>>> print(open('input_10.txt').read())   # compact mmCIF, C-alpha atoms
# COMPACT_ATOMS: atom_id res chain seq x y z
CA MET A 1 2.89 -22.75 -5.49
CA ARG A 2 3.09 -20.95 -2.15
CA ARG A 3 6.88 -21.27 -2.20
CA LEU A 4 7.01 -19.76 -5.68
CA TYR A 5 4.72 -16.94 -4.58
CA LYS A 6 6.99 -16.17 -1.60
CA TRP A 7 10.02 -16.25 -3.86
CA LEU A 8 8.42 -13.78 -6.29
CA LEU A 9 7.73 -11.42 -3.39
CA ARG A 10 11.49 -10.93 -3.13
CA PHE A 11 11.43 -8.97 -6.36
CA TYR A 12 9.28 -6.21 -4.86
CA PRO A 13 10.88 -3.10 -3.29
CA GLN A 14 11.85 -3.67 0.33
CA ASP A 15 9.53 -0.99 1.79
CA TYR A 16 6.59 -2.42 -0.14
CA ARG A 17 7.39 -5.94 1.08
CA ALA A 18 7.62 -4.76 4.66
CA ALA A 19 4.20 -3.14 4.42
CA PHE A 20 2.29 -5.74 2.40
CA ALA A 21 4.10 -9.10 2.06
CA SER A 22 2.43 -10.82 5.01
CA GLN A 23 -1.01 -9.52 3.99
CA MET A 24 -0.45 -10.61 0.39
CA LEU A 25 0.58 -14.07 1.49
CA ALA A 26 -2.42 -14.44 3.78
CA THR A 27 -4.79 -13.26 1.03
CA PHE A 28 -3.11 -15.61 -1.44
CA ASP A 29 -3.50 -18.56 0.98
CA GLN A 30 -7.21 -17.88 1.45
CA SER A 31 -7.81 -17.45 -2.30
CA ALA A 32 -5.78 -20.57 -3.14
CA ALA A 33 -7.77 -22.70 -0.68
CA GLU A 34 -11.03 -21.45 -2.14
CA ARG A 35 -9.95 -22.07 -5.76
CA ARG A 36 -8.74 -25.56 -4.88
CA ARG A 37 -12.22 -26.35 -3.60
CA ARG A 38 -13.63 -25.25 -6.98
CA GLY A 39 -11.51 -27.82 -8.84
CA TRP A 40 -8.14 -28.16 -10.54
CA GLY A 41 -9.10 -26.14 -13.61
CA ALA A 42 -10.02 -23.14 -11.44
CA TYR A 43 -6.88 -23.56 -9.37
CA ILE A 44 -4.51 -23.70 -12.36
CA TRP A 45 -6.13 -20.62 -13.90
CA PHE A 46 -5.87 -18.84 -10.54
CA ALA A 47 -2.18 -19.83 -10.20
CA LEU A 48 -1.35 -18.50 -13.68
CA CYS A 49 -3.14 -15.20 -13.03
CA GLU A 50 -1.39 -14.84 -9.67
CA LEU A 51 2.06 -15.47 -11.15
CA LEU A 52 1.47 -13.00 -13.95
CA GLY A 53 0.07 -10.48 -11.45
CA MET A 54 3.14 -10.88 -9.25
CA VAL A 55 5.59 -10.31 -12.09
CA THR A 56 3.79 -7.28 -13.53
CA GLY A 57 3.13 -6.01 -10.00
CA ALA A 58 6.84 -6.08 -9.14
CA VAL A 59 7.73 -4.10 -12.27
CA ARG A 60 4.96 -1.57 -11.53
CA GLU A 61 6.11 -1.16 -7.94
CA TRP A 62 9.71 -0.46 -8.91
CA ILE A 63 8.51 2.16 -11.39
CA ALA A 64 6.19 3.64 -8.75
CA LYS A 65 9.00 3.73 -6.19
CA ARG A 66 11.12 5.80 -8.55
CA ALA A 67 8.22 8.05 -9.53
CA SER A 68 6.70 8.76 -6.09
CA PRO A 69 8.20 11.44 -3.87
CA ALA A 70 9.84 9.64 -0.92
CA ILE A 71 7.77 11.49 1.66
CA VAL A 72 4.47 10.49 0.01
CA ARG A 73 5.55 6.87 -0.28
CA GLU A 74 6.81 6.69 3.29
CA GLY A 75 3.57 8.25 4.51
CA ALA A 76 1.55 5.60 2.71
CA LEU A 77 3.65 2.65 3.79
CA ALA A 78 4.24 3.83 7.35
CA ASP A 79 2.28 3.17 10.52
CA LEU A 80 2.99 -0.51 10.32
CA GLY A 81 4.98 -0.61 13.53
CA GLU A 82 7.17 -3.53 12.48
CA ARG A 83 8.75 -1.62 9.64
CA LEU A 84 9.57 1.62 11.34
CA PRO A 85 12.15 1.74 14.11
CA SER A 86 10.98 3.24 17.39
CA PRO A 87 11.83 6.92 18.10
CA VAL A 88 14.29 5.69 20.77
CA THR A 89 16.12 3.53 18.22
CA VAL A 90 16.21 6.43 15.75
CA ALA A 91 17.69 8.73 18.42
CA GLU A 92 20.28 6.12 19.39
CA GLN A 93 21.26 5.66 15.75
CA ARG A 94 21.59 9.40 15.28
CA ILE A 95 23.84 9.69 18.35
CA ALA A 96 26.07 6.88 17.09
CA ALA A 97 26.28 8.51 13.64
CA LEU A 98 27.08 11.94 15.13
CA ARG A 99 29.87 10.44 17.26
CA LYS A 100 31.39 8.87 14.16
CA LEU A 101 31.20 12.16 12.31
CA MET A 102 32.78 13.98 15.26
CA THR A 103 35.67 11.49 15.41
CA HIS A 104 36.19 11.83 11.69
CA ALA A 105 36.15 15.64 11.89
CA ILE A 106 38.75 15.64 14.71
CA ALA A 107 40.96 13.22 12.76
CA ASN A 108 40.84 15.67 9.84
CA HIS A 109 41.52 18.71 12.08
CA ASP A 110 38.07 20.08 11.31
CA PHE A 111 37.49 21.40 14.82
CA ALA A 112 34.61 23.71 13.87
CA GLY A 113 32.82 20.70 12.37
CA ALA A 114 33.60 18.60 15.43
CA ARG A 115 32.07 21.26 17.69
CA ARG A 116 28.95 21.35 15.53
CA TYR A 117 28.57 17.55 15.72
CA SER A 118 29.22 17.64 19.46
CA TYR A 119 26.47 20.23 19.91
CA GLU A 120 24.08 18.14 17.76
CA GLU A 121 24.92 15.05 19.78
CA LEU A 122 24.13 16.86 23.06
CA ARG A 123 20.74 17.89 21.68
CA GLU A 124 20.06 14.34 20.55
CA GLN A 125 21.06 13.02 24.00
CA GLU A 126 18.47 15.35 25.57
CA ASN A 127 15.88 14.14 23.08
CA LEU A 128 16.71 10.51 23.91
CA ARG A 129 16.45 11.18 27.65
CA ALA A 130 13.02 12.77 27.17
CA LEU A 131 11.88 9.82 25.05
CA ARG A 132 13.02 7.31 27.66
CA GLU A 133 11.35 9.21 30.49
CA GLY A 134 8.13 8.99 28.74
CA MET B 1 -4.78 15.59 -2.63
CA ARG B 2 -4.53 13.97 -6.03
CA HIS B 3 -7.25 14.18 -8.62
CA VAL B 4 -7.37 11.53 -11.29
CA ALA B 5 -9.55 12.16 -14.35
CA THR B 6 -10.75 8.58 -14.75
CA LEU B 7 -10.33 5.83 -12.19
CA THR B 8 -8.99 2.48 -13.34
CA GLU B 9 -11.36 -0.46 -12.94
CA PRO B 10 -9.52 -2.05 -9.96
CA VAL B 11 -9.39 1.32 -8.17
CA LEU B 12 -13.06 2.02 -8.79
CA LEU B 13 -14.06 -1.44 -7.59
CA ILE B 14 -11.94 -1.17 -4.45
CA LEU B 15 -13.47 2.21 -3.60
CA LEU B 16 -16.96 0.80 -4.22
CA SER B 17 -16.22 -2.21 -2.07
CA LEU B 18 -15.06 -0.02 0.80
CA ALA B 19 -18.02 2.34 0.45
CA ASP B 20 -20.22 0.45 2.90
CA GLN B 21 -17.70 -0.98 5.36
CA PRO B 22 -13.96 -1.55 5.96
CA ARG B 23 -12.58 -4.75 4.44
CA HIS B 24 -9.30 -6.68 4.42
CA GLY B 25 -7.59 -8.12 1.33
CA TYR B 26 -9.46 -11.40 0.87
CA ALA B 27 -12.83 -9.81 1.73
CA LEU B 28 -12.10 -7.14 -0.90
CA LEU B 29 -11.34 -9.77 -3.56
CA LYS B 30 -14.55 -11.65 -2.80
CA ASP B 31 -16.67 -8.50 -2.73
CA ILE B 32 -15.19 -7.21 -6.00
CA GLU B 33 -15.98 -10.54 -7.63
CA ALA B 34 -19.57 -10.28 -6.37
CA LEU B 35 -19.90 -6.60 -7.38
CA SER B 36 -18.83 -7.41 -10.93
CA ASN B 37 -20.99 -10.57 -11.14
CA GLY B 38 -17.87 -12.71 -11.31
CA GLY B 39 -16.45 -10.66 -14.18
CA VAL B 40 -13.46 -9.23 -12.32
CA ARG B 41 -11.07 -11.34 -10.30
CA LEU B 42 -8.12 -9.27 -9.19
CA SER B 43 -4.79 -10.96 -8.50
CA THR B 44 -3.20 -10.18 -5.15
CA GLY B 45 -0.39 -8.31 -6.96
CA THR B 46 -2.93 -6.01 -8.62
CA LEU B 47 -4.98 -5.60 -5.44
CA TYR B 48 -2.11 -4.56 -3.17
CA GLY B 49 -0.53 -2.35 -5.85
CA ALA B 50 -3.85 -0.50 -6.06
CA LEU B 51 -4.14 -0.33 -2.26
CA ARG B 52 -0.64 1.19 -2.05
CA ARG B 53 -1.61 3.84 -4.61
CA LEU B 54 -4.85 4.61 -2.78
CA LEU B 55 -2.98 4.96 0.50
CA GLU B 56 -0.60 7.40 -1.22
CA TYR B 57 -3.54 9.45 -2.51
CA ARG B 58 -5.09 9.21 1.00
CA TRP B 59 -8.34 7.96 -0.50
CA ILE B 60 -8.24 5.00 1.87
CA ALA B 61 -6.71 4.47 5.31
CA ARG B 62 -5.84 1.52 7.47
CA PHE B 63 -8.63 0.44 9.77
CA ASP B 64 -7.50 -1.24 12.95
CA GLN B 65 -9.80 -3.84 14.37
CA PRO B 66 -9.22 -5.29 17.82
CA ASP B 67 -8.12 -8.95 17.95
CA THR B 68 -7.14 -8.98 14.30
CA SER B 69 -3.71 -10.07 13.12
CA ARG B 70 -1.55 -7.82 10.95
CA ASP B 71 -2.06 -10.26 8.07
CA LYS B 72 -5.71 -9.26 8.02
CA GLN B 73 -5.20 -5.52 7.92
CA ALA B 74 -8.48 -3.86 6.98
CA TYR B 75 -8.87 -0.66 4.97
CA LYS B 76 -11.56 2.00 5.04
CA LEU B 77 -12.63 4.77 2.70
CA THR B 78 -11.59 8.31 3.72
CA ALA B 79 -13.67 11.45 3.16
CA GLU B 80 -11.44 12.30 0.18
CA GLY B 81 -11.91 8.79 -1.22
CA GLN B 82 -15.65 9.11 -0.89
CA LYS B 83 -15.55 12.44 -2.72
CA GLN B 84 -13.52 10.89 -5.56
CA LEU B 85 -15.91 7.96 -5.78
CA GLN B 86 -18.94 10.27 -5.97
CA ARG B 87 -17.19 12.35 -8.66
CA GLU B 88 -16.51 9.22 -10.70
CA LEU B 89 -20.08 7.95 -10.33
CA GLU B 90 -21.37 11.34 -11.44
CA ARG B 91 -19.09 11.22 -14.47
CA MET B 92 -20.38 7.75 -15.33
CA LYS B 93 -24.01 8.91 -14.97
CA GLN B 94 -23.38 11.81 -17.35
CA LEU B 95 -21.74 9.45 -19.82
CA THR B 96 -24.66 7.04 -19.61
CA ARG B 97 -27.15 9.89 -20.16
CA ALA B 98 -25.21 11.12 -23.19
CA ALA B 99 -24.96 7.59 -24.60
CA ASN B 100 -28.70 7.02 -24.17
CA LEU B 101 -29.51 10.31 -25.90
CA ARG B 102 -27.37 9.37 -28.87
CA LEU B 103 -28.85 5.91 -29.13
CA ARG B 104 -32.37 7.35 -29.01
CA ALA B 105 -31.49 9.92 -31.68
CA ARG B 106 -30.16 7.13 -33.86
CA GLU B 107 -33.33 5.07 -33.42
CA ALA B 108 -35.62 8.05 -34.15
>>> encode(input="input_10.txt", output="structure tokens")
Amino acid sequence: MRRLYKWLLRFYPQDYRAAFASQMLATFDQSAAERRRRGWGAYIWFALCELLGMVTGAVREWIAKRASPAIVREGALADLGERLPSPVTVAEQRIAALRKLMTHAIANHDFAGARRYSYEELREQENLRALREG
Amino acid sequence: MRHVATLTEPVLLILLSLADQPRHGYALLKDIEALSNGGVRLSTGTLYGALRRLLEYRWIARFDQPDTSRDKQAYKLTAEGQKQLQRELERMKQLTRAANLRLRAREA
């Protein structure tokens, strides 16, 4: 049953899974243990309700993901350190992306664009230095 | 802040459960079952879907307890959540008063 529950979790949006999957699994484990102690009838009923709840929950979450403004959703799902990259990682990723854009702009003789990306990269480098210093 | 005319039953029960103290997922399920005299048993899918919505509305917030694993993340009621809960309870009181008046009028 636990394996099936974990498998069903895959059908939820990724950001939702990152925020809640481990909590859901822990809550499920505790509830399952308690229902098992109450007898097989209670456990089977619990398992059916959980499976139905997981399927309808996944559909609801996909609808909610499309309906919620990204900033509201991110705000709600954030502050779970594991999901969000650190500010240093974000800065490093931005620098790498800006370098790629600069190379692409030069290859296409877009020198004004290349200068803009170069300037952005310098600013990001300063930001990264400040982050690393503390 | 979002204002919802009528709270759904799971949302109302979660807010009620968090009214006295922060609780994590399993504690919420148990408390909701007790609050409803065993009448409501939320599935984990329903519970965490409702918690996600309440976090979006900012009616609840994460409550970090020392020495607690991430799997046992607790949640607490915010000031806005408390206001919404009071509004809903007031609405229910008015409805109960109106229903009682009508029943009495019918009996008279």
>>> residues_around(input="input_10.txt", residues="Gln82 (chain B)", least_positions_apart="2", cutoff="9 Å", atoms="all atoms listed in the file", output="PyMOL selection string")
chain B and resi 15+19+59-60+77-80+84-87
>>> closest_residue(input="input_10.txt", among="B:Ala108, B:Arg91, B:Gly49, B:Tyr75", to="Ile63 (chain A)", atoms="only C-alpha atoms")
B:Gly49
>>> interface_residues(input="input_10.txt", of="chain B", to="chain A", cutoff="9 Å", atoms="all atoms listed in the file", output="list of chain:residue names")
B:His24, B:Gly25, B:Tyr26, B:Ala27, B:Leu29, B:Lys30, B:Leu42, B:Ser43, B:Thr44, B:Gly45, B:Thr46, B:Leu47, B:Tyr48, B:Gly49, B:Arg52, B:Arg53, B:Leu54, B:Leu55, B:Glu56, B:Tyr57, B:Arg58, B:Ala61, B:Arg62, B:Arg70, B:Asp71, B:Lys72, B:Gln73
>>> closest_residue(input="input_10.txt", among="A:Gly113, A:Ala107, A:Arg38, A:Asp15", to="Ala78 (chain A)", atoms="only C-alpha atoms")
A:Asp15
>>> closest_residue(input="input_10.txt", among="A:Glu124, A:Lys65, A:Ser118, A:Asp110", to="Arg94 (chain A)", atoms="all atoms listed in the file")
A:Glu124
>>> atom_distance(input="input_10.txt", atom1="CA of Ala91 (chain A)", atom2="CA of Thr103 (chain A)")
18.4 Å
>>> atom_distance(input="input_10.txt", atom1="CA of Val90 (chain A)", atom2="CA of Ile106 (chain A)")
24.4 Å
>>> atom_distance(input="input_10.txt", atom1="CA of Leu7 (chain B)", atom2="CA of Arg23 (chain B)")
19.8 Å
>>> closest_residue(input="input_10.txt", among="A:Glu126, A:Glu121, A:Glu133, A:Glu34", to="Ala97 (chain A)", atoms="all atoms listed in the file")
A:Glu121
>>> axis_aligned_box(input="input_10.txt", around="region 58-69 of chain A", padding_each_side="6 Å", output="JSON")
{"center_x": 8.0, "center_y": 2.7, "center_z": -8.1, "size_x": 18.2, "size_y": 29.5, "size_z": 20.4}
>>> closest_residue(input="input_10.txt", among="B:Lys76, B:Val40, B:Ile14, B:Glu88", to="Leu28 (chain B)", atoms="only C-alpha atoms")
B:Ile14
>>> decode(input="input_10.txt", residues="region 33-55 of chain B", atoms="N, CA and C atoms", output="CSV table (one decimal), in the first residue's frame")
chain,number,residue,atom,x,y,z
B,33,GLU,N,-10.8,14.5,13.6
B,33,GLU,CA,-11.7,13.4,13.9
B,33,GLU,C,-12.4,13.6,15.3
B,34,ALA,N,-11.6,14.0,16.2
B,34,ALA,CA,-12.2,14.2,17.6
B,34,ALA,C,-13.2,15.4,17.6
B,35,LEU,N,-12.8,16.5,16.9
B,35,LEU,CA,-13.7,17.7,16.8
B,35,LEU,C,-15.1,17.3,16.2
B,36,SER,N,-15.0,16.4,15.2
B,36,SER,CA,-16.3,16.1,14.5
B,36,SER,C,-16.9,14.8,15.1
B,37,ASN,N,-16.5,14.4,16.3
B,37,ASN,CA,-17.0,13.2,16.9
B,37,ASN,C,-16.9,12.0,16.0
B,38,GLY,N,-15.8,11.9,15.3
B,38,GLY,CA,-15.5,10.8,14.4
B,38,GLY,C,-16.3,10.8,13.1
B,39,GLY,N,-17.0,11.9,12.9
B,39,GLY,CA,-17.7,12.1,11.6
B,39,GLY,C,-16.9,12.4,10.4
B,40,VAL,N,-15.8,13.1,10.6
B,40,VAL,CA,-15.0,13.5,9.5
B,40,VAL,C,-13.6,12.9,9.6
B,41,ARG,N,-13.2,12.2,8.6
B,41,ARG,CA,-11.8,11.6,8.5
B,41,ARG,C,-11.3,12.0,7.2
B,42,LEU,N,-10.4,13.0,7.3
B,42,LEU,CA,-9.8,13.6,6.0
B,42,LEU,C,-8.8,12.6,5.5
B,43,SER,N,-8.7,12.5,4.2
B,43,SER,CA,-7.5,11.7,3.6
B,43,SER,C,-6.3,12.7,3.6
B,44,THR,N,-5.2,12.1,3.5
B,44,THR,CA,-4.0,12.9,3.4
B,44,THR,C,-4.0,13.9,2.2
B,45,GLY,N,-4.5,13.3,1.1
B,45,GLY,CA,-4.6,14.1,-0.1
B,45,GLY,C,-5.5,15.4,0.1
B,46,THR,N,-6.6,15.2,0.8
B,46,THR,CA,-7.5,16.3,1.0
B,46,THR,C,-6.8,17.3,2.0
B,47,LEU,N,-6.2,16.7,3.1
B,47,LEU,CA,-5.6,17.5,4.1
B,47,LEU,C,-4.5,18.5,3.5
B,48,TYR,N,-3.6,17.9,2.8
B,48,TYR,CA,-2.5,18.7,2.3
B,48,TYR,C,-2.9,19.6,1.2
B,49,GLY,N,-3.9,19.3,0.4
B,49,GLY,CA,-4.4,20.2,-0.6
B,49,GLY,C,-5.0,21.4,0.1
B,50,ALA,N,-5.7,21.2,1.2
B,50,ALA,CA,-6.3,22.3,2.0
B,50,ALA,C,-5.2,23.1,2.6
B,51,LEU,N,-4.2,22.5,3.1
B,51,LEU,CA,-3.1,23.2,3.8
B,51,LEU,C,-2.4,24.1,2.7
B,52,ARG,N,-2.2,23.6,1.5
B,52,ARG,CA,-1.6,24.4,0.5
B,52,ARG,C,-2.4,25.6,0.2
B,53,ARG,N,-3.7,25.4,0.1
B,53,ARG,CA,-4.6,26.6,-0.2
B,53,ARG,C,-4.5,27.6,1.0
B,54,LEU,N,-4.5,27.1,2.2
B,54,LEU,CA,-4.5,28.0,3.4
B,54,LEU,C,-3.2,28.8,3.4
B,55,LEU,N,-2.1,28.1,3.0
B,55,LEU,CA,-0.8,28.8,3.0
B,55,LEU,C,-0.8,29.9,1.9
